[in-house]
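J.: So here's upload.cif (mmCIF, C-alpha atoms).
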data_run
loop_
_atom_site.label_atom_id
_atom_site.label_comp_id
_atom_site.auth_asym_id
_atom_site.auth_seq_id
_atom_site.Cartn_x
_atom_site.Cartn_y
_atom_site.Cartn_z
CA MET D 1162 9.39 -8.05 23.99
CA ASN D 1163 13.14 -8.02 23.63
CA GLU D 1164 14.30 -4.69 25.11
CA LYS D 1165 17.12 -4.44 22.58
CA LEU D 1166 15.10 -4.28 19.40
CA GLN D 1167 17.21 -3.14 16.49
CA ILE D 1168 15.34 -0.11 15.22
CA THR D 1169 16.85 1.39 12.08
CA SER D 1170 15.36 4.29 10.15
CA PRO D 1171 11.97 3.37 8.64
CA LYS D 1172 12.42 5.92 5.87
CA ARG D 1173 13.80 4.87 2.52
CA SER D 1174 17.15 6.60 2.06
CA ARG D 1175 17.74 5.50 -1.51
CA PRO D 1176 15.70 4.49 -4.56
CA ARG D 1177 14.59 0.88 -4.60
CA THR D 1178 16.61 -1.27 -6.96
CA GLY D 1179 16.74 -4.93 -8.01
CA TRP D 1180 13.71 -7.04 -7.17
CA GLU D 1181 12.53 -4.47 -4.62
CA GLY D 1182 12.58 -1.83 -7.36
CA PHE D 1183 9.56 -3.38 -9.06
CA PHE D 1184 7.37 -2.49 -6.06
CA PRO D 1185 7.91 1.31 -5.91
CA TYR D 1186 4.65 2.16 -4.20
CA TYR D 1187 4.33 5.17 -1.94
CA ALA D 1188 4.87 4.91 1.80
CA GLY D 1189 6.05 1.82 3.61
CA TYR D 1190 9.40 1.10 5.19
CA PRO D 1191 12.42 -0.63 3.62
CA GLU D 1192 13.05 -4.35 3.74
CA THR D 1193 16.19 -3.79 5.82
CA PHE D 1194 14.14 -2.07 8.54
CA ALA D 1195 11.65 -4.93 8.77
CA LYS D 1196 14.31 -7.63 8.75
CA ALA D 1197 16.38 -5.96 11.48
CA LEU D 1198 13.34 -5.59 13.74
CA LEU D 1199 12.09 -9.13 13.21
CA GLN D 1200 15.52 -10.65 13.77
CA SER D 1201 16.05 -8.71 16.98
CA ALA D 1202 12.59 -9.65 18.29
CA ARG D 1203 13.81 -13.26 18.70
CA LEU D 1204 10.41 -14.76 17.98
CA ARG D 1205 9.76 -18.29 19.16
CA LYS D 1206 9.52 -21.13 16.68
CA GLY D 1207 6.03 -21.25 15.19
CA ALA D 1208 5.36 -17.55 15.80
CA THR D 1209 3.13 -15.57 13.44
CA VAL D 1210 3.64 -11.97 12.30
CA LEU D 1211 0.75 -9.80 11.09
CA ASP D 1212 0.63 -6.67 8.91
CA PRO D 1213 -2.95 -5.35 8.54
CA TRP D 1214 -1.88 -2.56 6.14
CA ASN D 1215 0.38 -4.82 4.13
CA GLY D 1216 0.77 -2.60 1.08
CA SER D 1217 3.44 -3.90 -1.28
CA GLY D 1218 4.23 -6.67 1.20
CA THR D 1219 7.47 -5.63 2.90
CA THR D 1220 6.54 -7.24 6.23
CA THR D 1221 5.32 -10.53 4.76
CA PHE D 1222 8.34 -10.71 2.45
CA ALA D 1223 10.87 -9.97 5.21
CA ALA D 1224 9.24 -12.44 7.62
CA ALA D 1225 9.21 -15.22 5.04
CA GLN D 1226 12.89 -14.60 4.30
CA LEU D 1227 13.62 -15.14 8.00
CA GLY D 1228 11.58 -18.34 8.24
CA VAL D 1229 8.74 -16.72 10.20
CA ALA D 1230 5.08 -17.33 9.33
CA ALA D 1231 3.40 -14.13 8.20
CA ILE D 1232 -0.11 -12.89 7.44
CA GLY D 1233 -0.70 -9.70 5.51
CA TYR D 1234 -3.92 -8.13 4.34
CA ASP D 1235 -4.83 -4.94 2.56
CA ILE D 1236 -8.09 -3.36 1.50
CA ASN D 1237 -6.68 -2.41 -1.92
CA PRO D 1238 -6.87 -5.41 -4.30
CA VAL D 1239 -4.03 -4.00 -6.40
CA MET D 1240 -1.72 -4.12 -3.39
CA VAL D 1241 -2.74 -7.74 -2.79
CA VAL D 1242 -1.62 -8.58 -6.34
CA ILE D 1243 1.64 -6.68 -5.84
CA ALA D 1244 2.42 -8.30 -2.47
CA ARG D 1245 1.76 -11.76 -3.86
CA ALA D 1246 4.04 -11.07 -6.83
CA ARG D 1247 6.78 -10.03 -4.44
CA MET D 1248 6.71 -13.51 -2.91
CA LEU D 1249 7.55 -15.25 -6.20
CA ALA D 1250 9.95 -18.14 -5.61
CA LEU D 1251 13.51 -17.60 -6.80
CA SER D 1252 13.27 -20.84 -8.76
CA GLU D 1253 10.79 -19.20 -11.15
CA ALA D 1254 13.30 -16.73 -12.64
CA ASP D 1255 14.12 -18.90 -15.65
CA SER D 1256 10.46 -19.39 -16.61
CA LEU D 1257 9.47 -15.71 -16.72
CA GLU D 1258 10.65 -14.77 -20.21
CA PRO D 1259 9.24 -17.90 -21.95
CA LEU D 1260 5.92 -17.29 -20.24
CA GLY D 1261 6.08 -13.62 -21.22
CA GLN D 1262 6.66 -14.53 -24.86
CA ALA D 1263 3.69 -16.94 -24.76
CA ILE D 1264 1.49 -14.20 -23.29
CA VAL D 1265 2.48 -11.76 -26.04
CA ALA D 1266 1.80 -14.40 -28.71
CA ARG D 1267 -1.65 -14.98 -27.26
CA ALA D 1268 -2.34 -11.23 -27.14
CA LYS D 1269 -1.54 -10.95 -30.85
CA LYS D 1270 -3.89 -13.81 -31.77
CA ALA D 1271 -6.77 -12.89 -29.48
CA ALA D 1272 -6.93 -9.12 -29.77
CA LYS D 1273 -9.53 -7.45 -27.57
CA GLN D 1274 -11.28 -4.11 -27.66
CA ALA D 1275 -11.44 -1.56 -24.88
CA PRO D 1276 -15.04 -0.24 -24.76
CA PRO D 1277 -15.66 3.42 -23.91
CA THR D 1278 -16.36 2.43 -20.29
CA ASP D 1279 -12.96 0.74 -19.86
CA PRO D 1280 -11.13 2.80 -17.20
CA ILE D 1281 -7.79 2.36 -18.99
CA ARG D 1282 -9.14 4.75 -21.63
CA THR D 1283 -8.87 7.55 -19.07
CA TRP D 1284 -5.23 7.98 -20.11
CA PHE D 1285 -4.88 5.96 -23.32
CA CYS D 1286 -6.38 6.47 -26.78
CA PRO D 1287 -8.77 3.68 -27.94
CA GLY D 1288 -6.18 1.76 -29.97
CA SER D 1289 -3.58 1.83 -27.21
CA ALA D 1290 -6.17 0.89 -24.59
CA ALA D 1291 -7.17 -2.08 -26.75
CA ALA D 1292 -3.55 -3.23 -26.95
CA ILE D 1293 -3.24 -3.04 -23.15
CA ARG D 1294 -6.53 -4.90 -22.65
CA SER D 1295 -5.42 -7.60 -25.10
CA LEU D 1296 -2.18 -8.11 -23.16
CA GLU D 1297 -4.00 -8.13 -19.82
CA GLY D 1298 -6.53 -10.60 -21.20
CA ALA D 1299 -3.70 -12.88 -22.33
CA ILE D 1300 -2.19 -12.86 -18.83
CA ARG D 1301 -5.60 -13.62 -17.35
CA HIS D 1302 -6.42 -16.49 -19.71
CA GLN D 1303 -2.92 -17.97 -19.57
CA LEU D 1304 -2.30 -17.82 -15.81
CA VAL D 1305 -5.48 -17.10 -13.84
CA GLY D 1306 -7.67 -20.09 -13.06
CA SER D 1307 -10.93 -21.03 -11.43
CA LEU D 1308 -9.62 -20.60 -7.88
CA THR D 1309 -9.34 -16.86 -8.55
CA MET D 1310 -12.21 -16.39 -11.00
CA THR D 1311 -14.94 -18.41 -9.33
CA THR D 1312 -18.65 -18.72 -10.04
CA GLU D 1313 -19.31 -16.81 -6.80
CA GLY D 1314 -17.06 -13.94 -7.89
CA ASN D 1315 -13.39 -13.15 -8.24
CA LYS D 1316 -11.11 -13.87 -5.28
CA ILE D 1317 -8.03 -11.79 -5.92
CA ASP D 1318 -6.18 -13.20 -2.91
CA LYS D 1319 -6.09 -16.59 -4.63
CA ILE D 1320 -4.06 -15.31 -7.59
CA SER D 1321 -0.73 -17.12 -7.93
CA SER D 1322 2.55 -15.29 -7.45
CA THR D 1323 3.41 -16.11 -11.07
CA ALA D 1324 0.24 -14.53 -12.47
CA ALA D 1325 0.64 -11.58 -10.10
CA THR D 1326 4.20 -11.04 -11.33
CA PHE D 1327 3.01 -10.58 -14.92
CA TYR D 1328 0.36 -8.15 -13.76
CA VAL D 1329 3.08 -6.20 -11.95
CA ALA D 1330 5.11 -6.15 -15.18
CA LEU D 1331 2.13 -4.68 -17.04
CA PHE D 1332 1.51 -2.22 -14.18
CA SER D 1333 5.13 -1.07 -14.51
CA VAL D 1334 4.84 -0.54 -18.26
CA CYS D 1335 1.60 1.42 -17.97
CA ARG D 1336 2.88 3.59 -15.12
CA GLY D 1337 5.88 4.47 -17.25
CA LEU D 1338 3.66 5.44 -20.16
CA VAL D 1339 1.46 7.78 -18.08
CA ARG D 1340 4.33 9.40 -16.19
CA LYS D 1341 3.72 12.71 -17.96
CA PHE D 1342 0.42 13.02 -16.06
CA GLN D 1343 2.05 12.85 -12.61
CA GLY D 1344 1.91 16.07 -10.64
CA SER D 1345 3.93 17.37 -7.69
CA ASN D 1346 1.98 15.04 -5.42
CA PRO D 1347 3.58 11.64 -6.13
CA THR D 1348 0.31 9.82 -5.47
CA TRP D 1349 -1.81 11.68 -7.99
CA LEU D 1350 -2.20 11.43 -11.76
CA THR D 1351 -4.04 14.13 -13.63
CA VAL D 1352 -6.71 13.20 -16.16
CA PRO D 1353 -6.10 14.35 -19.76
CA LYS D 1354 -8.48 17.16 -20.69
CA HIS D 1355 -8.44 16.41 -24.39
CA HIS D 1356 -8.41 13.20 -26.39
CA SER D 1357 -5.37 14.42 -28.33
CA SER D 1358 -3.23 14.45 -25.18
CA LYS D 1359 -3.90 10.82 -24.29
CA VAL D 1360 -1.08 8.29 -24.57
CA ARG D 1361 -0.58 6.62 -27.92
CA VAL D 1362 1.47 3.44 -27.98
CA THR D 1363 1.45 0.75 -30.64
CA ALA D 1364 0.86 -2.90 -29.76
CA ARG D 1365 4.37 -3.66 -31.00
CA GLU D 1366 5.96 -1.10 -28.69
CA LEU D 1367 3.78 -2.20 -25.77
CA HIS D 1368 4.81 -5.83 -26.26
CA SER D 1369 8.47 -4.83 -26.50
CA ARG D 1370 8.28 -2.84 -23.25
CA PHE D 1371 6.45 -5.70 -21.54
CA ILE D 1372 9.03 -8.33 -22.53
CA GLN D 1373 11.89 -6.04 -21.51
CA THR D 1374 10.30 -5.54 -18.08
CA VAL D 1375 9.80 -9.29 -17.69
CA ARG D 1376 13.48 -9.85 -18.56
CA GLU D 1377 14.54 -7.29 -15.97
CA MET D 1378 12.33 -8.94 -13.34
CA ALA D 1379 13.84 -12.33 -14.13
CA ALA D 1380 17.36 -10.90 -13.83
CA ALA D 1381 16.52 -9.24 -10.50
CA LEU D 1382 15.03 -12.46 -9.15
CA GLU D 1383 18.07 -14.45 -10.27
CA ALA D 1384 20.36 -11.88 -8.64
CA ARG D 1385 18.69 -12.55 -5.28
CA SER D 1386 19.48 -16.23 -5.72
CA ASN D 1387 23.11 -15.47 -6.59
CA GLN D 1388 23.38 -13.31 -3.47
CA GLY D 1389 22.62 -16.34 -1.31
CA GLU D 1390 18.90 -15.78 -0.67
CA LEU D 1391 17.02 -18.87 0.49
CA TRP D 1392 14.30 -20.39 -1.66
CA LEU D 1393 10.91 -19.22 -0.52
CA GLU D 1394 9.68 -22.83 -0.39
CA GLU D 1395 12.15 -23.38 2.48
CA GLN D 1396 11.14 -20.26 4.35
CA GLY D 1397 8.28 -19.11 6.53
CA ALA D 1398 4.71 -19.84 5.46
CA TRP D 1399 2.94 -16.73 4.26
CA GLN D 1400 -0.57 -15.55 3.52
CA VAL D 1401 -1.60 -12.38 1.69
CA HIS D 1402 -5.31 -11.60 1.68
CA LEU D 1403 -7.80 -8.93 0.73
CA GLY D 1404 -9.11 -7.50 3.99
CA ASP D 1405 -10.36 -4.39 5.77
CA SER D 1406 -8.45 -3.42 8.92
CA THR D 1407 -11.66 -2.13 10.53
CA GLN D 1408 -13.04 -5.67 10.55
CA ALA D 1409 -11.68 -8.74 12.31
CA ALA D 1410 -9.48 -10.62 9.82
CA VAL D 1411 -7.65 -13.07 12.12
CA GLU D 1412 -8.59 -15.07 15.19
CA PRO D 1413 -8.35 -13.21 18.52
CA GLY D 1414 -5.22 -14.13 20.45
CA SER D 1415 -3.50 -15.73 17.45
CA ILE D 1416 -0.73 -13.24 16.63
CA ASP D 1417 2.72 -13.01 18.24
CA LEU D 1418 3.87 -9.77 16.65
CA ILE D 1419 2.32 -7.00 14.57
CA LEU D 1420 4.64 -4.96 12.36
CA THR D 1421 2.88 -2.32 10.30
CA SER D 1422 2.45 1.30 9.30
CA PRO D 1423 -1.09 2.70 9.13
CA PRO D 1424 -2.08 5.16 6.41
CA TYR D 1425 -0.90 8.56 7.58
CA CYS D 1426 -3.23 11.43 8.44
CA THR D 1427 -1.91 13.58 5.58
CA ARG D 1428 -4.83 13.42 3.12
CA ILE D 1429 -2.92 11.09 0.83
CA ASP D 1430 -5.42 9.44 -1.49
CA TYR D 1431 -4.04 5.90 -1.39
CA ALA D 1432 -6.64 4.72 -3.91
CA ALA D 1433 -5.54 7.40 -6.37
CA ALA D 1434 -1.94 6.25 -5.96
CA THR D 1435 -2.90 2.97 -7.68
CA ARG D 1436 -5.53 4.30 -10.08
CA VAL D 1437 -3.71 3.09 -13.21
CA GLU D 1438 -3.22 -0.37 -11.71
CA LEU D 1439 -6.89 -0.51 -10.70
CA ALA D 1440 -7.79 0.31 -14.29
CA VAL D 1441 -5.48 -2.33 -15.77
CA ALA D 1442 -6.74 -5.06 -13.43
CA SER D 1443 -10.39 -3.96 -13.50
CA THR D 1444 -11.47 -7.27 -15.09
CA LEU D 1445 -10.28 -9.09 -11.93
CA ILE D 1446 -11.26 -6.57 -9.29
CA GLU D 1447 -14.75 -6.38 -7.84
CA THR D 1448 -14.70 -2.81 -6.63
CA THR D 1449 -14.53 0.64 -8.16
CA PHE D 1450 -11.97 3.38 -7.66
CA GLU D 1451 -14.62 5.52 -5.97
CA LYS D 1452 -15.84 2.77 -3.61
CA LEU D 1453 -12.30 1.80 -2.64
CA GLY D 1454 -11.34 5.42 -2.01
CA ARG D 1455 -14.28 5.89 0.33
CA SER D 1456 -13.61 2.73 2.35
CA MET D 1457 -9.89 3.23 3.01
CA VAL D 1458 -8.39 4.59 6.21
CA GLY D 1459 -7.38 8.13 5.27
CA SER D 1460 -10.16 8.63 2.72
CA THR D 1461 -10.36 12.11 1.21
CA ARG D 1462 -14.11 11.68 0.72
CA VAL D 1463 -16.71 12.99 3.15
CA PRO D 1464 -18.31 10.10 5.10
CA LEU D 1465 -21.90 9.29 4.21
CA HIS D 1466 -23.09 9.37 7.84
CA PRO D 1467 -22.25 11.51 10.89
CA ILE D 1468 -19.42 10.09 13.02
CA PRO D 1469 -19.54 10.65 16.78
CA GLN D 1470 -16.29 11.08 18.68
CA ARG D 1471 -15.33 8.33 21.11
CA ASP D 1472 -13.69 8.75 24.50
CA ASP D 1473 -11.10 6.11 23.65
CA TRP D 1474 -9.63 8.33 20.91
CA GLY D 1475 -7.73 10.14 23.66
CA THR D 1476 -7.08 13.71 24.77
CA THR D 1477 -4.59 14.56 22.01
CA CYS D 1478 -6.99 13.47 19.28
CA HIS D 1479 -9.88 15.47 20.73
CA GLU D 1480 -7.68 18.58 21.01
CA LEU D 1481 -6.69 18.18 17.36
CA LEU D 1482 -10.32 17.89 16.25
CA ARG D 1483 -11.26 21.01 18.26
CA GLY D 1484 -8.38 22.87 16.61
CA ILE D 1485 -9.55 21.87 13.13
CA GLU D 1486 -13.19 22.76 13.86
CA ALA D 1487 -12.20 26.20 15.20
CA HIS D 1488 -9.72 26.99 12.41
CA PRO D 1489 -10.71 30.09 10.40
CA SER D 1490 -9.69 28.66 7.03
CA LYS D 1491 -12.35 27.64 4.52
CA ALA D 1492 -14.11 24.29 5.05
CA SER D 1493 -12.22 23.52 8.28
CA SER D 1494 -15.39 22.98 10.32
CA GLY D 1495 -17.06 21.13 7.46
CA TYR D 1496 -15.19 18.99 4.96
CA TYR D 1497 -11.86 18.76 6.82
CA LEU D 1498 -13.38 18.03 10.21
CA LYS D 1499 -15.55 15.29 8.69
CA THR D 1500 -12.65 13.58 6.89
CA HIS D 1501 -10.55 13.68 10.08
CA LEU D 1502 -13.43 12.16 12.05
CA ASP D 1503 -13.62 9.42 9.42
CA TYR D 1504 -9.87 8.79 9.71
CA PHE D 1505 -9.82 8.44 13.49
CA ASP D 1506 -13.00 6.38 13.54
CA LYS D 1507 -11.47 3.85 11.13
CA LEU D 1508 -8.09 3.93 12.89
CA SER D 1509 -9.63 3.31 16.32
CA ARG D 1510 -11.79 0.44 15.04
CA SER D 1511 -8.72 -1.08 13.41
CA LEU D 1512 -6.77 -0.86 16.66
CA ASP D 1513 -9.66 -2.58 18.46
CA HIS D 1514 -9.21 -5.66 16.26
CA LEU D 1515 -5.41 -5.53 16.25
CA SER D 1516 -5.22 -5.37 20.03
CA ALA D 1517 -7.57 -8.34 20.29
CA SER D 1518 -5.54 -10.35 17.76
CA LEU D 1519 -2.39 -10.34 19.94
CA LYS D 1520 -1.53 -13.20 22.23
CA PRO D 1521 -0.83 -12.33 25.89
CA GLY D 1522 2.74 -11.04 25.92
CA GLY D 1523 2.57 -10.34 22.17
CA SER D 1524 4.13 -7.25 20.63
CA ALA D 1525 2.88 -4.57 18.24
CA ILE D 1526 5.24 -2.26 16.35
CA PHE D 1527 3.81 0.72 14.45
CA VAL D 1528 5.53 3.27 12.24
CA ALA D 1529 3.62 6.54 12.46
CA GLN D 1530 4.38 10.01 11.14
CA ASP D 1531 3.18 13.35 12.44
CA SER D 1532 1.91 16.08 10.13
CA TYR D 1533 0.02 19.38 10.11
CA TYR D 1534 -3.43 20.58 9.25
CA LYS D 1535 -2.64 24.17 8.28
CA ASP D 1536 -0.79 25.27 11.47
CA VAL D 1537 -2.42 22.64 13.72
CA HIS D 1538 -0.05 19.84 14.68
CA THR D 1539 -1.33 16.33 14.02
CA ASP D 1540 0.61 14.23 16.52
CA LEU D 1541 -0.30 10.83 15.10
CA PRO D 1542 2.34 8.93 17.14
CA GLY D 1543 0.96 10.50 20.32
CA ILE D 1544 -2.65 9.83 19.34
CA MET D 1545 -1.91 6.19 18.52
CA THR D 1546 -0.07 5.79 21.82
CA GLU D 1547 -3.08 7.04 23.78
CA MET D 1548 -5.44 4.81 21.80
CA LEU D 1549 -3.32 1.70 22.39
CA LEU D 1550 -2.77 2.43 26.09
CA TYR D 1551 -6.55 2.66 26.42
CA ARG D 1552 -6.77 -0.83 24.89
CA GLY D 1553 -4.48 -2.34 27.50
CA LEU D 1554 -1.15 -2.30 25.67
CA SER D 1555 1.96 -0.78 27.24
CA LEU D 1556 4.56 1.31 25.42
CA ALA D 1557 7.89 -0.51 25.74
CA GLN D 1558 10.01 1.54 23.38
CA ARG D 1559 9.81 4.56 21.09
CA LYS D 1560 12.38 5.89 18.65
CA ASP D 1561 11.92 9.03 16.57
CA PHE D 1562 13.48 9.81 13.20
CA PRO D 1563 13.35 13.39 11.84
CA LEU D 1564 12.24 13.80 8.24
CA VAL D 1565 13.35 16.81 6.23
CA ARG D 1566 10.65 16.30 3.60
CA SER D 1567 7.18 14.86 4.16
CA MET D 1568 3.87 14.88 2.32
CA SER D 1569 2.57 17.75 4.45
CA SER D 1570 5.48 19.96 3.32
CA ILE D 1571 4.94 19.30 -0.39
CA HIS D 1572 1.82 21.48 -0.60
CA ARG D 1573 2.70 24.91 -2.02
CA HIS D 1574 0.77 26.74 0.72
CA SER D 1575 2.50 25.00 3.64
CA ARG D 1576 4.93 27.89 4.26
CA ARG D 1577 2.03 30.29 4.80
CA TYR D 1578 1.40 28.81 8.24
CA GLY D 1579 5.01 29.02 9.49
CA ARG D 1580 5.11 25.33 10.30
CA VAL D 1581 8.43 23.60 10.95
CA LYS D 1582 10.10 22.02 7.93
CA THR D 1583 10.82 18.68 9.56
CA ALA D 1584 8.41 15.95 10.49
CA VAL D 1585 8.92 13.03 12.84
CA GLU D 1586 8.50 9.39 11.90
CA ALA D 1587 8.19 7.38 15.10
CA VAL D 1588 8.64 3.67 15.67
CA LEU D 1589 6.28 2.71 18.50
CA CYS D 1590 6.78 -0.65 20.21
CA PHE D 1591 3.97 -1.95 22.43
CA ARG D 1592 3.44 -5.08 24.47
CA LYS D 1593 0.18 -6.72 25.50
#
Output the structure of this file as structure tokens.

T.:
Amino acid sequence: MNEKLQITSPKRSRPRTGWEGFFPYYAGYPETFAKALLQSARLRKGATVLDPWNGSGTTTFAAAQLGVAAIGYDINPVMVVIARARMLALSEADSLEPLGQAIVARAKKAAKQAPPTDPIRTWFCPGSAAAIRSLEGAIRHQLVGSLTMTTEGNKIDKISSTAATFYVALFSVCRGLVRKFQGSNPTWLTVPKHHSSKVRVTARELHSRFIQTVREMAAALEARSNQGELWLEEQGAWQVHLGDSTQAAVEPGSIDLILTSPPYCTRIDYAAATRVELAVASTLIETTFEKLGRSMVGSTRVPLHPIPQRDDWGTTCHELLRGIEAHPSKASSGYYLKTHLDYFDKLSRSLDHLSASLKPGGSAIFVAQDSYYKDVHTDLPGIMTEMLLYRGLSLAQRKDFPLVRSMSSIHRHSRRYGRVKTAVEAVLCFRK
């Protein structure tokens, strides 16, 4: 690894704008951070970069922009759609609005219903849900083919960047319409208690919002071209797949550099953060919100089976788990201990596969944030360091960035425990 890696702050210091602004999903580091690191790594020609928690696709996007081959996978099918949309070629900007108009025209002619079981009706009244389903159906029939919707089942990681872009436009419209249900936790939407409080939007207004979003996306994509961005066809080859980090997704010894950020140990429900999108795209997705939430690293659901602790989790992890089990607060030795065991079990199994995927001399860069359980410090950077050292990697570089506000400080009871106000986001650089 190059000892002079350019490590800038992995925290977003400003709202995302332009093309990047259409992928405003929680967590993740900015494009500038990924580009600076990848450029300074001086990867050899033909190198491959991996992000196993690819999210909205910052790593794969930045690598492709630099001419580096990249593989990204994520367990959340919505994030696969979003990451693939982000890779849309700059040359497609001029076709977006005409395609959007054709989709709206089809939605008007082939109106669909939203049955009572349609998850989009969680937040929308029946008529509005039907208008959304008609628009989604038009996108699907116009742009999604047999490579994605196969006789063996839907393969979301085959969806084209063009089709994915129109899904992202519809995601954006629907998120805007349900904004009133967002609570203090930015990842959570409340469920309306009464039918009368559900969102009502006419088909005409929905279509207008959709076309306006498509126009804004086209303008943002064109702006990247005017700023001198390279065409994606001339850049690094990329792959974005649906995949579980706890299972082997790439060949052992095939990766030159890993750049990623695992789900943090802060009880963020990452499935809930995309619940509206999961509802909109439910006709393409072959999982449920509940099943996805249980399978993710950082699940807030109690595991179905007992999880034994492993020696390779390290001393710091075991001390944390003892502190949680002994904590006098309600459910510490039950629910909270079990969900933490689930988190570290999935994290350690993920690191098993990631360590094996690296070539000899390959590098792995992780962004990890510490947090608190009540007044018990969760030193995730330290825990990950011990886990990776156990797996034969060496820590070449670490840089810490203080955070004034983190998810663990948002909770209204956090002051009760006298915990410090700042958290640390660490960039950990390892070599095999």

J.: Let me know the residues the PyMOL selection byres ((chain D and resi 1306) around 12) catches in the file above, as a ChimeraX atom specification.

T.: /D:1300-1305,1307-1312,1315-1317,1319-1321,1323-1324,1445

J.: Just the selected residues (C-alpha atoms), exported as a short mmCIF file (atom, residue, chain, number, x, y, z; two decimals), in the coordinates of the input, please.

T.:
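See result_21.cif below for the written result:
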data_model
loop_
_atom_site.label_atom_id
_atom_site.label_comp_id
_atom_site.auth_asym_id
_atom_site.auth_seq_id
_atom_site.Cartn_x
_atom_site.Cartn_y
_atom_site.Cartn_z
CA ILE D 1300 -2.19 -12.86 -18.83
CA ARG D 1301 -5.60 -13.62 -17.35
CA HIS D 1302 -6.42 -16.49 -19.71
CA GLN D 1303 -2.92 -17.97 -19.57
CA LEU D 1304 -2.30 -17.82 -15.81
CA VAL D 1305 -5.48 -17.10 -13.84
CA SER D 1307 -10.93 -21.03 -11.43
CA LEU D 1308 -9.62 -20.60 -7.88
CA THR D 1309 -9.34 -16.86 -8.55
CA MET D 1310 -12.21 -16.39 -11.00
CA THR D 1311 -14.94 -18.41 -9.33
CA THR D 1312 -18.65 -18.72 -10.04
CA ASN D 1315 -13.39 -13.15 -8.24
CA LYS D 1316 -11.11 -13.87 -5.28
CA ILE D 1317 -8.03 -11.79 -5.92
CA LYS D 1319 -6.09 -16.59 -4.63
CA ILE D 1320 -4.06 -15.31 -7.59
CA SER D 1321 -0.73 -17.12 -7.93
CA THR D 1323 3.41 -16.11 -11.07
CA ALA D 1324 0.24 -14.53 -12.47
CA LEU D 1445 -10.28 -9.09 -11.93
#

J.: Might you pull out every residue within 9 Å of region 1203-1205 of chain D, with all atoms listed in the file counted and same-chain residues fewer than 2 positions away left off, and present them as a PyMOL selection string?

T.: chain D and resi 1162-1163+1199-1201+1207-1209+1229+1417-1418

J.: Around (-9.2, 1.8, -7.9) in the file's frame, which residues reach within 7 Å when counting only C-alpha atoms? Return as a PyMOL selection string?

T.: chain D and resi 1432-1433+1435-1436+1439-1440+1449-1451+1453

J.: Do you know which residues the PyMOL selection byres ((chain D and resi 1524) around 12) returns on this file, as a compact mmCIF listing (two decimals) with C-alpha atoms, keeping the file's coordinate frame?

T.:
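This is the output file part-v6.txt:
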# COMPACT_ATOMS: atom_id res chain seq x y z
CA MET D 1162 9.39 -8.05 23.99
CA ASN D 1163 13.14 -8.02 23.63
CA GLU D 1164 14.30 -4.69 25.11
CA LEU D 1166 15.10 -4.28 19.40
CA LEU D 1198 13.34 -5.59 13.74
CA LEU D 1199 12.09 -9.13 13.21
CA ALA D 1202 12.59 -9.65 18.29
CA ARG D 1203 13.81 -13.26 18.70
CA LEU D 1204 10.41 -14.76 17.98
CA ALA D 1208 5.36 -17.55 15.80
CA THR D 1209 3.13 -15.57 13.44
CA VAL D 1210 3.64 -11.97 12.30
CA LEU D 1211 0.75 -9.80 11.09
CA GLY D 1414 -5.22 -14.13 20.45
CA SER D 1415 -3.50 -15.73 17.45
CA ILE D 1416 -0.73 -13.24 16.63
CA ASP D 1417 2.72 -13.01 18.24
CA LEU D 1418 3.87 -9.77 16.65
CA ILE D 1419 2.32 -7.00 14.57
CA LEU D 1420 4.64 -4.96 12.36
CA THR D 1421 2.88 -2.32 10.30
CA LEU D 1515 -5.41 -5.53 16.25
CA SER D 1516 -5.22 -5.37 20.03
CA ALA D 1517 -7.57 -8.34 20.29
CA SER D 1518 -5.54 -10.35 17.76
CA LEU D 1519 -2.39 -10.34 19.94
CA LYS D 1520 -1.53 -13.20 22.23
CA PRO D 1521 -0.83 -12.33 25.89
CA GLY D 1522 2.74 -11.04 25.92
CA GLY D 1523 2.57 -10.34 22.17
CA ALA D 1525 2.88 -4.57 18.24
CA ILE D 1526 5.24 -2.26 16.35
CA PHE D 1527 3.81 0.72 14.45
CA LEU D 1549 -3.32 1.70 22.39
CA LEU D 1554 -1.15 -2.30 25.67
CA SER D 1555 1.96 -0.78 27.24
CA LEU D 1556 4.56 1.31 25.42
CA ALA D 1557 7.89 -0.51 25.74
CA GLN D 1558 10.01 1.54 23.38
CA LEU D 1589 6.28 2.71 18.50
CA CYS D 1590 6.78 -0.65 20.21
CA PHE D 1591 3.97 -1.95 22.43
CA ARG D 1592 3.44 -5.08 24.47
CA LYS D 1593 0.18 -6.72 25.50

J.: Which residue out of D:Arg1510, D:Lys1172, D:Arg1336, D:His1479 has the minimum interatomic distance to Ala1409 (chain D) when all atoms listed in the file are used?

T.: D:Arg1510

J.: Excluding Thr1351 (chain D) and residues on its chain fewer than 2 positions from it, collect all residues at most 12 Å away from it, counting all atoms listed in the file, and give them as a list in words.

T.: Thr1283, Trp1284, Val1339, Arg1340, Lys1341, Phe1342, Gln1343, Gly1344, Ser1345, Asn1346, Pro1347, Thr1348, Trp1349, Pro1353, Lys1354, His1355, Ser1358, Lys1359, Ala1433, Ala1434, Arg1436 and Val1437 of chain D

J.: Separation of CA of Asp1430 (chain D) and CA of Gly1459 (chain D), in Å?

T.: 7.2 Å
